[in-house]
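So this one's work-v8.csv, CSV, C-alpha atoms and all ligand atoms:
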```
chain,number,residue,atom,x,y,z
A,1,MET,CA,-3.6,61.7,10.9
A,2,SER,CA,-4.6,58.3,9.7
A,3,ALA,CA,-3.5,55.4,11.7
A,4,PHE,CA,-3.5,53.1,8.7
A,5,ASP,CA,0.0,52.5,7.3
A,6,PRO,CA,0.0,50.9,3.8
A,7,ALA,CA,3.6,49.8,4.2
A,8,ALA,CA,3.0,48.0,7.4
A,9,ALA,CA,-0.3,46.5,6.1
A,10,THR,CA,1.6,45.2,3.0
A,11,ALA,CA,4.3,43.7,5.2
A,12,ALA,CA,1.6,42.0,7.3
A,13,TYR,CA,0.1,40.4,4.2
A,14,MET,CA,3.5,39.2,3.0
A,15,ALA,CA,4.1,37.6,6.4
A,16,THR,CA,1.0,35.5,6.2
A,17,LEU,CA,3.2,33.1,4.3
A,18,SER,CA,6.0,31.3,6.0
A,19,PRO,CA,9.6,32.0,5.0
A,20,ALA,CA,9.8,28.4,3.7
A,21,ALA,CA,6.7,28.9,1.5
A,22,HIS,CA,8.3,32.2,0.1
A,23,ALA,CA,11.6,30.3,-0.5
A,24,LYS,CA,9.8,27.6,-2.4
A,25,ALA,CA,7.9,30.1,-4.5
A,26,THR,CA,11.2,31.9,-5.3
A,27,ALA,CA,12.7,28.6,-6.4
A,28,TYR,CA,9.7,27.8,-8.6
A,29,THR,CA,9.8,31.3,-10.1
A,30,HIS,CA,13.5,31.4,-10.8
A,31,GLY,CA,13.3,27.9,-12.3
A,32,GLY,CA,10.5,29.1,-14.6
A,33,GLU,CA,12.7,32.0,-15.7
A,34,TRP,CA,15.5,29.6,-16.7
A,35,LEU,CA,12.9,27.4,-18.5
A,36,LEU,CA,12.4,30.2,-21.0
A,37,LEU,CA,16.0,29.8,-22.1
A,38,TRP,CA,16.0,26.0,-21.9
A,39,SER,CA,12.7,25.8,-23.8
A,40,CYS,CA,14.1,28.0,-26.5
A,41,LEU,CA,17.2,25.7,-26.8
A,42,VAL,CA,15.0,22.6,-26.9
A,43,THR,CA,13.0,24.1,-29.7
A,44,ILE,CA,16.2,25.0,-31.6
A,45,ALA,CA,17.6,21.5,-31.0
A,46,ALA,CA,14.3,19.8,-32.2
A,47,ALA,CA,14.3,22.0,-35.4
A,48,TRP,CA,18.0,21.3,-36.0
A,49,LEU,CA,17.4,17.5,-35.7
A,50,ILE,CA,14.5,17.7,-38.2
A,51,LEU,CA,16.7,19.8,-40.5
A,52,LYS,CA,19.6,17.4,-40.3
A,53,SER,CA,17.4,14.3,-40.8
A,54,GLY,CA,16.7,15.6,-44.4
A,55,ILE,CA,13.1,14.3,-44.0
A,56,LEU,CA,11.4,17.6,-45.1
A,57,LEU,CA,13.8,18.0,-48.0
A,58,ARG,CA,13.0,14.4,-49.3
A,59,LEU,CA,9.3,15.0,-48.8
A,60,ARG,CA,9.4,18.2,-50.8
A,61,GLU,CA,11.4,16.6,-53.6
A,62,ARG,CA,9.1,13.6,-53.8
A,63,LEU,CA,5.8,15.7,-53.7
A,64,ASN,CA,6.9,18.5,-55.9
A,65,PRO,CA,9.6,17.4,-58.3
A,66,ASN,CA,8.7,19.9,-60.9
A,67,GLY,CA,7.7,22.8,-58.6
A,68,ASP,CA,4.1,22.8,-59.8
A,69,ARG,CA,2.4,21.4,-56.6
A,70,PRO,CA,3.2,24.0,-54.1
A,71,LYS,CA,0.0,23.9,-51.9
A,72,ARG,CA,-0.1,20.2,-51.0
A,73,THR,CA,3.7,20.2,-50.6
A,74,ILE,CA,3.5,23.1,-48.1
A,75,LEU,CA,0.7,21.3,-46.2
A,76,ALA,CA,2.5,18.0,-46.1
A,77,VAL,CA,5.9,19.5,-45.1
A,78,ALA,CA,4.3,21.7,-42.4
A,79,ALA,CA,2.2,18.9,-40.9
A,80,THR,CA,5.3,16.6,-40.8
A,81,PHE,CA,7.3,19.3,-39.1
A,82,VAL,CA,4.6,20.0,-36.5
A,83,LEU,CA,4.2,16.2,-35.7
A,84,LEU,CA,8.0,15.5,-35.5
A,85,ASP,CA,8.6,18.6,-33.4
A,86,PHE,CA,5.8,17.6,-31.0
A,87,LEU,CA,7.3,14.1,-30.6
A,88,ILE,CA,10.9,15.2,-30.1
A,89,GLN,CA,9.8,17.8,-27.6
A,90,LEU,CA,7.3,15.6,-25.8
A,91,PRO,CA,9.6,14.5,-22.9
A,92,TRP,CA,10.5,18.1,-22.2
A,93,THR,CA,6.8,19.1,-22.4
A,94,ILE,CA,5.9,16.4,-19.9
A,95,TYR,CA,8.6,17.7,-17.6
A,96,THR,CA,7.7,21.4,-17.8
A,97,SER,CA,4.0,21.3,-17.9
A,98,TRP,CA,3.1,18.2,-15.9
A,99,TRP,CA,5.9,16.8,-13.8
A,100,ARG,CA,7.3,20.2,-12.6
A,101,GLU,CA,3.8,21.5,-11.7
A,102,ARG,CA,3.1,18.3,-9.7
A,103,SER,CA,6.5,18.4,-8.0
A,104,TYR,CA,5.7,21.9,-6.6
A,105,GLN,CA,2.2,20.7,-5.6
A,106,LEU,CA,0.7,23.3,-8.0
A,107,SER,CA,-1.3,20.7,-9.9
A,108,SER,CA,-2.8,17.4,-9.0
A,109,GLN,CA,-3.7,16.4,-12.5
A,110,SER,CA,-2.9,12.7,-13.4
A,111,LEU,CA,-0.5,12.0,-16.2
A,112,ALA,CA,-3.4,10.2,-18.0
A,113,SER,CA,-5.6,13.3,-17.7
A,114,TRP,CA,-2.7,15.5,-18.9
A,115,PHE,CA,-2.2,13.3,-21.9
A,116,GLY,CA,-5.9,13.5,-22.6
A,117,ASP,CA,-5.7,17.3,-22.8
A,118,THR,CA,-2.5,17.2,-24.8
A,119,ALA,CA,-3.9,14.7,-27.3
A,120,LYS,CA,-6.9,17.0,-27.8
A,121,ALA,CA,-4.7,20.1,-28.3
A,122,LEU,CA,-2.4,18.4,-30.9
A,123,PRO,CA,-4.9,18.2,-33.8
A,124,ILE,CA,-6.0,21.8,-33.1
A,125,SER,CA,-2.5,23.1,-33.2
A,126,LEU,CA,-1.7,20.9,-36.2
A,127,ILE,CA,-4.6,22.3,-38.2
A,128,ILE,CA,-4.0,25.9,-37.2
A,129,THR,CA,-0.2,25.8,-37.7
A,130,THR,CA,-0.4,24.1,-41.0
A,131,LEU,CA,-3.1,26.4,-42.4
A,132,PHE,CA,-1.1,29.4,-41.2
A,133,LEU,CA,2.1,28.1,-42.8
A,134,LEU,CA,0.2,27.5,-46.0
A,135,ALA,CA,-0.8,31.2,-46.0
A,136,LEU,CA,2.7,32.3,-45.0
A,137,TYR,CA,4.5,30.3,-47.8
A,138,THR,CA,1.9,31.3,-50.3
A,139,LEU,CA,2.5,34.9,-49.5
A,140,VAL,CA,6.3,34.5,-49.7
A,141,ARG,CA,5.9,33.0,-53.2
A,142,ARG,CA,3.4,35.6,-54.4
A,143,ALA,CA,4.9,38.7,-52.7
A,144,PRO,CA,8.6,38.0,-52.1
A,145,ARG,CA,9.3,41.6,-51.1
A,146,SER,CA,6.3,42.5,-49.0
A,147,TRP,CA,5.2,39.1,-47.7
A,148,TRP,CA,6.1,40.0,-44.1
A,149,LEU,CA,3.6,42.9,-44.0
A,150,TRP,CA,0.8,40.7,-45.4
A,151,ALA,CA,1.8,37.8,-43.1
A,152,SER,CA,1.4,40.1,-40.1
A,153,GLY,CA,-2.1,40.9,-41.1
A,154,VAL,CA,-2.9,37.2,-41.5
A,155,ALA,CA,-1.4,36.4,-38.1
A,156,VAL,CA,-3.3,39.1,-36.3
A,157,ALA,CA,-6.6,38.3,-38.1
A,158,GLY,CA,-6.0,34.6,-37.1
A,159,VAL,CA,-5.4,35.5,-33.5
A,160,ILE,CA,-8.5,37.7,-33.3
A,161,LEU,CA,-10.5,34.9,-34.9
A,162,MET,CA,-9.1,32.4,-32.4
A,163,VAL,CA,-10.0,34.7,-29.5
A,164,VAL,CA,-13.5,35.1,-30.8
A,165,ILE,CA,-14.1,31.4,-31.3
A,166,ALA,CA,-12.1,30.0,-28.4
A,167,PRO,CA,-14.9,30.2,-25.8
A,168,ILE,CA,-17.3,28.3,-28.1
A,169,PHE,CA,-15.1,25.8,-29.9
A,170,ILE,CA,-11.8,25.4,-28.0
A,171,GLU,CA,-12.3,25.9,-24.2
A,172,PRO,CA,-15.2,23.5,-23.9
A,173,LEU,CA,-12.9,20.7,-25.1
A,174,PHE,CA,-10.8,21.0,-22.0
A,175,ASN,CA,-13.2,22.2,-19.3
A,176,ARG,CA,-16.8,22.1,-18.5
A,177,TYR,CA,-18.4,25.7,-18.4
A,178,THR,CA,-21.7,26.2,-16.7
A,179,PRO,CA,-23.5,29.4,-15.6
A,180,ALA,CA,-22.4,30.3,-12.1
A,181,PRO,CA,-24.9,28.6,-9.7
A,182,ASP,CA,-27.4,30.7,-7.8
A,183,GLY,CA,-26.3,31.7,-4.4
A,184,PRO,CA,-24.7,34.6,-2.6
A,185,VAL,CA,-21.5,34.5,-4.8
A,186,ARG,CA,-23.5,34.8,-8.0
A,187,THR,CA,-25.8,37.5,-6.5
A,188,GLU,CA,-22.9,39.7,-5.6
A,189,VAL,CA,-21.1,39.1,-8.9
A,190,VAL,CA,-24.3,40.0,-10.8
A,191,LYS,CA,-24.5,43.3,-8.8
A,192,LEU,CA,-20.9,44.1,-9.6
A,193,ALA,CA,-21.5,43.3,-13.3
A,194,GLU,CA,-24.6,45.6,-13.4
A,195,ALA,CA,-22.6,48.4,-11.8
A,196,THR,CA,-19.7,48.1,-14.3
A,197,GLY,CA,-21.6,47.4,-17.5
A,198,VAL,CA,-20.6,43.7,-17.9
A,199,PRO,CA,-23.4,41.5,-19.3
A,200,HIS,CA,-24.3,39.2,-16.5
A,201,ASP,CA,-25.4,36.3,-18.6
A,202,LYS,CA,-21.7,35.9,-19.2
A,203,ILE,CA,-20.6,34.8,-15.7
A,204,LEU,CA,-19.5,31.2,-15.8
A,205,ILE,CA,-17.9,28.7,-13.5
A,206,TYR,CA,-15.5,26.0,-14.9
A,207,ASN,CA,-13.8,23.0,-13.4
A,208,GLY,CA,-10.4,24.6,-13.4
A,209,SER,CA,-9.4,22.4,-10.4
A,210,LYS,CA,-9.0,19.6,-13.0
A,211,GLN,CA,-5.7,21.1,-14.2
A,212,SER,CA,-4.5,23.2,-11.3
A,213,ASP,CA,-5.3,24.2,-7.8
A,214,ARG,CA,-4.5,27.8,-8.8
A,215,TYR,CA,-7.0,30.3,-7.5
A,216,THR,CA,-8.0,31.9,-10.8
A,217,ALA,CA,-10.5,33.5,-13.1
A,218,ASN,CA,-10.2,34.8,-16.6
A,219,VAL,CA,-11.9,36.7,-19.4
A,220,SER,CA,-11.9,35.3,-22.8
A,221,GLY,CA,-13.7,35.8,-26.1
A,222,LEU,CA,-14.4,39.1,-27.9
A,223,PHE,CA,-17.4,41.0,-29.0
A,224,GLY,CA,-20.5,38.7,-28.5
A,225,THR,CA,-18.4,35.8,-27.2
A,226,ALA,CA,-16.7,37.6,-24.3
A,227,ARG,CA,-17.3,36.3,-20.8
A,228,VAL,CA,-16.0,36.1,-17.3
A,229,ALA,CA,-15.1,32.6,-16.2
A,230,MET,CA,-14.3,31.7,-12.6
A,231,SER,CA,-12.5,28.5,-11.7
A,232,ASP,CA,-14.3,26.3,-9.2
A,233,THR,CA,-11.2,26.5,-7.0
A,234,MET,CA,-12.5,29.9,-6.0
A,235,PHE,CA,-15.5,28.2,-4.5
A,236,LYS,CA,-13.7,25.1,-3.2
A,237,GLN,CA,-11.3,27.1,-1.1
A,238,HIS,CA,-14.2,28.9,0.6
A,239,ALA,CA,-13.0,32.2,-0.5
A,240,ASP,CA,-14.8,35.0,1.4
A,241,MET,CA,-17.0,37.3,-0.5
A,242,SER,CA,-14.5,40.3,-0.5
A,243,GLU,CA,-11.9,38.0,-2.2
A,244,VAL,CA,-14.3,36.8,-4.9
A,245,ILE,CA,-15.4,40.4,-5.6
A,246,GLY,CA,-11.8,41.7,-5.6
A,247,VAL,CA,-10.8,39.1,-8.1
A,248,VAL,CA,-13.9,39.2,-10.3
A,249,GLY,CA,-13.6,43.0,-10.3
A,250,HIS,CA,-10.1,42.6,-11.7
A,251,GLU,CA,-11.3,40.3,-14.4
A,252,MET,CA,-14.2,42.7,-15.3
A,253,GLY,CA,-11.5,45.4,-15.6
A,254,HIS,CA,-10.0,43.3,-18.4
A,255,TYR,CA,-13.4,43.0,-20.0
A,256,VAL,CA,-14.6,46.6,-19.7
A,257,HIS,CA,-11.3,48.1,-20.7
A,258,LYS,CA,-11.1,45.8,-23.8
A,259,HIS,CA,-7.6,44.6,-23.0
A,260,ILE,CA,-7.9,41.9,-25.6
A,261,LEU,CA,-7.9,44.7,-28.2
A,262,TRP,CA,-4.7,46.2,-26.6
A,263,PHE,CA,-3.1,42.8,-27.1
A,264,ALA,CA,-4.2,42.6,-30.7
A,265,GLY,CA,-2.7,46.0,-31.5
A,266,PHE,CA,0.5,45.0,-29.7
A,267,MET,CA,0.6,41.7,-31.5
A,268,CYS,CA,0.3,43.5,-34.8
A,269,VAL,CA,3.4,45.6,-34.1
A,270,MET,CA,5.3,42.6,-32.9
A,271,ALA,CA,4.3,40.4,-35.8
A,272,VAL,CA,5.4,43.1,-38.3
A,273,ALA,CA,8.8,43.3,-36.6
A,274,ALA,CA,9.2,39.5,-36.3
A,275,PHE,CA,8.3,38.7,-39.9
A,276,TRP,CA,10.5,41.5,-41.2
A,277,LEU,CA,13.4,40.2,-39.2
A,278,ILE,CA,12.8,36.6,-40.4
A,279,ASP,CA,12.9,38.0,-44.0
A,280,ARG,CA,16.3,39.7,-43.3
A,281,LEU,CA,17.9,36.9,-41.2
A,282,TYR,CA,16.8,33.8,-43.1
A,283,PRO,CA,19.5,33.8,-45.9
A,284,ALA,CA,22.4,34.1,-43.4
A,285,VAL,CA,21.0,31.5,-41.0
A,286,ARG,CA,20.2,29.1,-43.8
A,287,ALA,CA,23.7,29.5,-45.3
A,288,ARG,CA,25.3,28.8,-41.9
A,289,ILE,CA,23.3,25.7,-40.8
A,290,ALA,CA,22.0,24.2,-44.0
A,291,GLY,CA,24.5,25.5,-46.5
A,292,THR,CA,24.9,22.7,-49.1
A,293,SER,CA,21.9,20.6,-48.1
A,294,GLY,CA,19.8,21.7,-51.1
A,295,ILE,CA,17.4,23.7,-48.9
A,296,GLY,CA,16.4,26.8,-50.9
A,297,GLY,CA,15.4,30.4,-50.0
A,298,LEU,CA,12.6,31.5,-47.7
A,299,ALA,CA,9.9,30.2,-50.2
A,300,ASP,CA,11.2,26.6,-49.8
A,301,PRO,CA,9.0,24.8,-47.2
A,302,ALA,CA,11.9,22.4,-46.5
A,303,GLY,CA,13.6,25.4,-44.9
A,304,LEU,CA,10.9,25.5,-42.2
A,305,PRO,CA,13.2,24.4,-39.4
A,306,VAL,CA,15.5,27.3,-40.2
A,307,LEU,CA,12.6,29.7,-40.0
A,308,MET,CA,11.5,28.1,-36.7
A,309,ILE,CA,15.0,28.5,-35.2
A,310,ILE,CA,14.9,32.2,-36.0
A,311,ALA,CA,11.4,32.5,-34.6
A,312,ALA,CA,12.3,30.8,-31.4
A,313,ILE,CA,15.2,33.2,-30.8
A,314,LEU,CA,13.1,36.2,-31.6
A,315,GLY,CA,10.4,34.9,-29.3
A,316,LEU,CA,12.8,34.6,-26.4
A,317,LEU,CA,14.3,38.1,-27.0
A,318,SER,CA,10.8,39.7,-27.1
A,319,THR,CA,9.8,38.2,-23.7
A,320,PRO,CA,10.4,41.5,-21.8
A,321,LEU,CA,8.2,43.4,-24.3
A,322,SER,CA,5.3,40.9,-24.1
A,323,THR,CA,5.6,40.6,-20.3
A,324,SER,CA,5.6,44.3,-19.9
A,325,MET,CA,2.5,44.7,-22.1
A,326,THR,CA,0.6,42.2,-20.0
A,327,ARG,CA,1.9,43.7,-16.8
A,328,PHE,CA,0.6,47.0,-17.8
A,329,ALA,CA,-2.9,45.6,-18.5
A,330,GLU,CA,-2.8,43.7,-15.2
A,331,SER,CA,-2.1,46.9,-13.3
A,332,ASP,CA,-5.0,48.6,-15.1
A,333,ALA,CA,-7.3,45.7,-14.1
A,334,ASP,CA,-6.3,46.0,-10.5
A,335,ARG,CA,-7.0,49.8,-10.6
A,336,PHE,CA,-10.4,49.0,-12.1
A,337,SER,CA,-11.1,46.5,-9.3
A,338,LEU,CA,-10.2,48.9,-6.5
A,339,ALA,CA,-12.2,51.8,-8.1
A,340,ASN,CA,-15.3,49.7,-8.8
A,341,ALA,CA,-15.4,46.8,-6.3
A,342,HIS,CA,-13.8,48.7,-3.4
A,343,GLN,CA,-12.4,45.6,-1.8
A,344,PRO,CA,-8.7,46.3,-1.2
A,345,ASP,CA,-8.4,43.6,1.5
A,346,GLY,CA,-10.3,41.1,-0.6
A,347,LEU,CA,-8.0,41.7,-3.5
A,348,ALA,CA,-4.9,41.5,-1.3
A,349,LYS,CA,-6.1,38.3,0.3
A,350,ALA,CA,-6.6,36.7,-3.1
A,351,LEU,CA,-3.3,38.0,-4.3
A,352,VAL,CA,-1.4,36.5,-1.4
A,353,LYS,CA,-2.7,33.1,-2.4
A,354,THR,CA,-0.9,33.4,-5.7
A,355,ILE,CA,2.5,33.7,-4.1
A,356,ALA,CA,3.0,30.0,-4.3
A,357,TYR,CA,3.5,30.2,-8.1
A,358,ARG,CA,4.9,33.7,-8.5
A,359,ALA,CA,7.5,34.9,-6.0
A,360,SER,CA,6.1,38.0,-4.3
A,361,SER,CA,9.0,40.3,-4.1
A,362,PRO,CA,11.4,40.2,-7.1
A,363,GLY,CA,13.9,42.9,-7.9
A,364,TRP,CA,12.8,45.5,-10.4
A,365,LEU,CA,14.9,44.1,-13.3
A,366,GLU,CA,13.6,40.6,-12.7
A,367,GLU,CA,10.0,42.0,-12.6
A,368,MET,CA,10.6,44.0,-15.8
A,369,LEU,CA,12.1,41.1,-17.7
A,370,PHE,CA,10.0,38.1,-16.6
A,371,TYR,CA,6.8,39.1,-14.7
A,372,ASP,CA,3.6,39.1,-16.8
A,373,HIS,CA,1.8,40.4,-13.7
A,374,PRO,CA,3.2,43.1,-11.3
A,375,SER,CA,4.7,41.4,-8.2
A,376,VAL,CA,2.2,40.5,-5.5
A,377,GLU,CA,4.0,42.8,-3.1
A,378,ARG,CA,3.6,45.8,-5.4
A,379,ARG,CA,0.0,44.9,-6.1
A,380,VAL,CA,-0.9,44.5,-2.4
A,381,ARG,CA,0.9,47.8,-1.7
A,382,ARG,CA,-1.2,49.6,-4.3
A,383,ALA,CA,-4.4,48.1,-2.8
A,384,MET,CA,-3.3,49.2,0.7
A,385,GLU,CA,-2.5,52.7,-0.7
A,386,TRP,CA,-6.0,52.8,-2.2
A,387,LYS,CA,-7.4,51.8,1.2
A,388,ALA,CA,-5.4,54.6,2.9
A,389,ALA,CA,-6.7,57.1,0.4
A,390,HIS,CA,-10.3,56.0,0.6
A,391,PRO,CA,-10.9,55.2,4.3
A,392,ASN,CA,-14.7,55.7,4.0
A,393,HIS,CA,-15.2,53.8,0.8
A,394,VAL,CA,-14.0,50.3,1.6
A,395,GLY,CA,-17.1,48.1,0.9
A,396,ALA,CA,-19.0,51.0,-0.7
A,397,PRO,CA,-21.7,50.1,-3.2
A,398,TYR,CA,-20.2,48.8,-6.5
A,399,GLY,CA,-19.4,51.1,-9.4
A,400,PRO,CA,-17.3,54.2,-9.8
A,401,LEU,CA,-17.0,56.5,-6.7
A,402,PRO,CA,-18.4,60.0,-7.0
A,403,PRO,CA,-15.8,62.6,-8.3
A,404,GLY,CA,-13.4,63.8,-5.6
A,405,ALA,CA,-14.1,60.7,-3.4
A,501,ZN,ZN,-5.6,39.9,-14.9
```
Please express the file's structure as structure tokens.
Ligand SMILES: [Zn+2]
Amino acid sequence: MSAFDPAAATAAYMATLSPAAHAKATAYTHGGEWLLLWSCLVTIAAAWLILKSGILLRLRERLNPNGDRPKRTILAVAATFVLLDFLIQLPWTIYTSWWRERSYQLSSQSLASWFGDTAKALPISLIITTLFLLALYTLVRRAPRSWWLWASGVAVAGVILMVVIAPIFIEPLFNRYTPAPDGPVRTEVVKLAEATGVPHDKILIYNGSKQSDRYTANVSGLFGTARVAMSDTMFKQHADMSEVIGVVGHEMGHYVHKHILWFAGFMCVMAVAAFWLIDRLYPAVRARIAGTSGIGGLADPAGLPVLMIIAAILGLLSTPLSTSMTRFAESDADRFSLANAHQPDGLAKALVKTIAYRASSPGWLEEMLFYDHPSVERRVRRAMEWKAAHPNHVGAPYGPLPPGA
């Protein structure tokens, strides 16, 4: 009989954090769950203010009095909406994405640096949102019955394009990416890459410590632009090799199993449902909140705030679906790491470090509704169960174990 008990090993990992640290993580996590609701309400309030100001309606009437200049009207109305919405929500955005992270000691970024990032992101989102809305409103006008189907195709194609170009055009605006430096970490990561079929010219290190002290790595890009990027926090915290390999093995799982394509398929289904619902709900919502204002049907860009209010509510309601989708992929990446990197304790040690920003042991309903990763306790438990089932393969050469092992 094996002396190794996965339940006891999991409990020991959980106990490496003090009860006070667990309590703080739980407060941060529960606060973050409420933020989903508050952020939805703030988005609705901002859209409602813009609607009631009548600015978009006046803009549309001035630019397009005869109804023959739809394109420039859509562009101007959409850009105005994006900018006003950004300004109205700015205090809330500062609170949620800068002040709150700082107050929980999860980030040490200065407000000036945060504003620098935000100022760089605004024109990008302005251009992308405006062009997307131009396509959306053009489809509504040209295909009033089936626009929602076409719009879903445009949305998914747009997201795939963004995923492909993000590592080249977007991410370098915010962080500096360089090939991982020579040394023992790189040597081991290259070995793991060779054993799992990941191109090892694609292993980068970036200055993630600029935004956050989080211990993190990610896979981004698609086709030729896909790569594994590791935050420099993984090097600064003197992570031991088993941790680095456990985490990078997880990220390579995302890459090898093409999880980005899973998300694209999932997004496609979600987009069809969302646009169809907007098509059905818009007339009633418009009648209720903008009844006699002069705002027209779905094709009227001045009705954009109405559309955004519906989208915000649908986004909130779909949270459990999208978190469950990512949770599924995260479990799969953990399985890949265990099966190919063979470092259950390395993975567990790295996971325990993430408890500070994601409470380790939620109830199943909370996990199902809100967690985009399985809980750390569950993930550590699975790693310990793998260890119990493979006592002779911990630290084995990288790559799949022989059948029956
Ligand atoms: Zn992951």
* Within 7 Å of ligand ZN 501 (chain A), counting only C-alpha atoms and all ligand atoms: which residues, as a PyMOL selection string? -> chain A and resi 250-251+254+330+333
* To do: Find the residue from A:Gly249, A:Pro144, A:Pro397, A:Pro374 that sits nearest to A:Gly297; use only C-alpha atoms when measuring.
  => A:Pro144
Near stretch 26-37 of chain A, 12 Å: stretch 358-389 of chain A residue rows, closest pairs, only C-alpha atoms, as JSON lines:
```
{"residue": "A:Arg358", "atom": "CA", "partner": "A:Thr29", "partner_atom": "CA", "distance": 5.7}
{"residue": "A:Ala359", "atom": "CA", "partner": "A:Thr26", "partner_atom": "CA", "distance": 4.8}
{"residue": "A:Ser360", "atom": "CA", "partner": "A:Thr26", "partner_atom": "CA", "distance": 8.0}
{"residue": "A:Ser361", "atom": "CA", "partner": "A:Thr26", "partner_atom": "CA", "distance": 8.8}
{"residue": "A:Pro362", "atom": "CA", "partner": "A:Thr26", "partner_atom": "CA", "distance": 8.5}
{"residue": "A:Gly363", "atom": "CA", "partner": "A:Thr26", "partner_atom": "CA", "distance": 11.6}
{"residue": "A:Glu366", "atom": "CA", "partner": "A:Glu33", "partner_atom": "CA", "distance": 9.2}
{"residue": "A:Glu367", "atom": "CA", "partner": "A:Glu33", "partner_atom": "CA", "distance": 10.8}
{"residue": "A:Leu369", "atom": "CA", "partner": "A:Glu33", "partner_atom": "CA", "distance": 9.3}
{"residue": "A:Phe370", "atom": "CA", "partner": "A:Glu33", "partner_atom": "CA", "distance": 6.7}
{"residue": "A:Tyr371", "atom": "CA", "partner": "A:Glu33", "partner_atom": "CA", "distance": 9.3}
{"residue": "A:Asp372", "atom": "CA", "partner": "A:Glu33", "partner_atom": "CA", "distance": 11.6}
{"residue": "A:Ser375", "atom": "CA", "partner": "A:Thr29", "partner_atom": "CA", "distance": 11.5}
```
Suppose we keep C-alpha atoms; can you now write the selection as a PDB file, in the frame of the given file?
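Produced file out.pdb, reproduced below:
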```pdb
ATOM      1  CA  ARG A 358       4.900  33.700  -8.500  1.00  0.00           C
ATOM      2  CA  ALA A 359       7.500  34.900  -6.000  1.00  0.00           C
ATOM      3  CA  SER A 360       6.100  38.000  -4.300  1.00  0.00           C
ATOM      4  CA  SER A 361       9.000  40.300  -4.100  1.00  0.00           C
ATOM      5  CA  PRO A 362      11.400  40.200  -7.100  1.00  0.00           C
ATOM      6  CA  GLY A 363      13.900  42.900  -7.900  1.00  0.00           C
ATOM      7  CA  GLU A 366      13.600  40.600 -12.700  1.00  0.00           C
ATOM      8  CA  GLU A 367      10.000  42.000 -12.600  1.00  0.00           C
ATOM      9  CA  LEU A 369      12.100  41.100 -17.700  1.00  0.00           C
ATOM     10  CA  PHE A 370      10.000  38.100 -16.600  1.00  0.00           C
ATOM     11  CA  TYR A 371       6.800  39.100 -14.700  1.00  0.00           C
ATOM     12  CA  ASP A 372       3.600  39.100 -16.800  1.00  0.00           C
ATOM     13  CA  SER A 375       4.700  41.400  -8.200  1.00  0.00           C
TER      14      SER A 375
END
```
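Computed from the coordinates, the atom CA of A:Val140 to atom CA of A:Asp279 distance equals 9.4 Å.
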* To do: Tell me which of A:Ile168, A:Ala193, A:Val272, A:Val285 sits closest to A:Ile245, counting all atoms listed in the file.
  => A:Ala193
* Shell around A:Phe223 at 12 Å using all atoms listed in the file, local window under 4 positions removed, as an MDAnalysis selection string -> chainID A and resid 160:161 163:165 167 198:199 202 219 227 255:256 258 260:261
Distance query A:Ala195 at most 10 Å, all atoms listed in the file, self and fewer than 5 positions along chain excluded, as a tab-separated table (two decimals) with C-alpha atoms, in the coordinates of the input:
```tsv
chain	number	residue	atom	x	y	z
A	189	VAL	CA	-21.10	39.10	-8.90
A	190	VAL	CA	-24.30	40.00	-10.80
A	340	ASN	CA	-15.30	49.70	-8.80
A	341	ALA	CA	-15.40	46.80	-6.30
A	397	PRO	CA	-21.70	50.10	-3.20
A	398	TYR	CA	-20.20	48.80	-6.50
A	399	GLY	CA	-19.40	51.10	-9.40
A	400	PRO	CA	-17.30	54.20	-9.80
```
* Shell around A:Arg72 at 12 Å using only C-alpha atoms, local window under 2 positions removed, as number ranges by chain -> A: 59-60, 62-64, 67-70, 74-79, 130-131, 133-134, 137-138, 301
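Relative to atom CA of A:Ala299, atom CA of A:Ala143 is found at 10.2 Å.
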* Asked: What separation in Å, quoted to one decimal, exists between atom CA of A:Lys52 and atom CA of A:Ile295?
  -> 10.9 Å
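For the set A:Ala226, A:Ala7, A:Ala287, A:Met162, the residue with the smallest atom-to-atom gap to A:Asp201 is A:Ala226, counting all atoms listed in the file.
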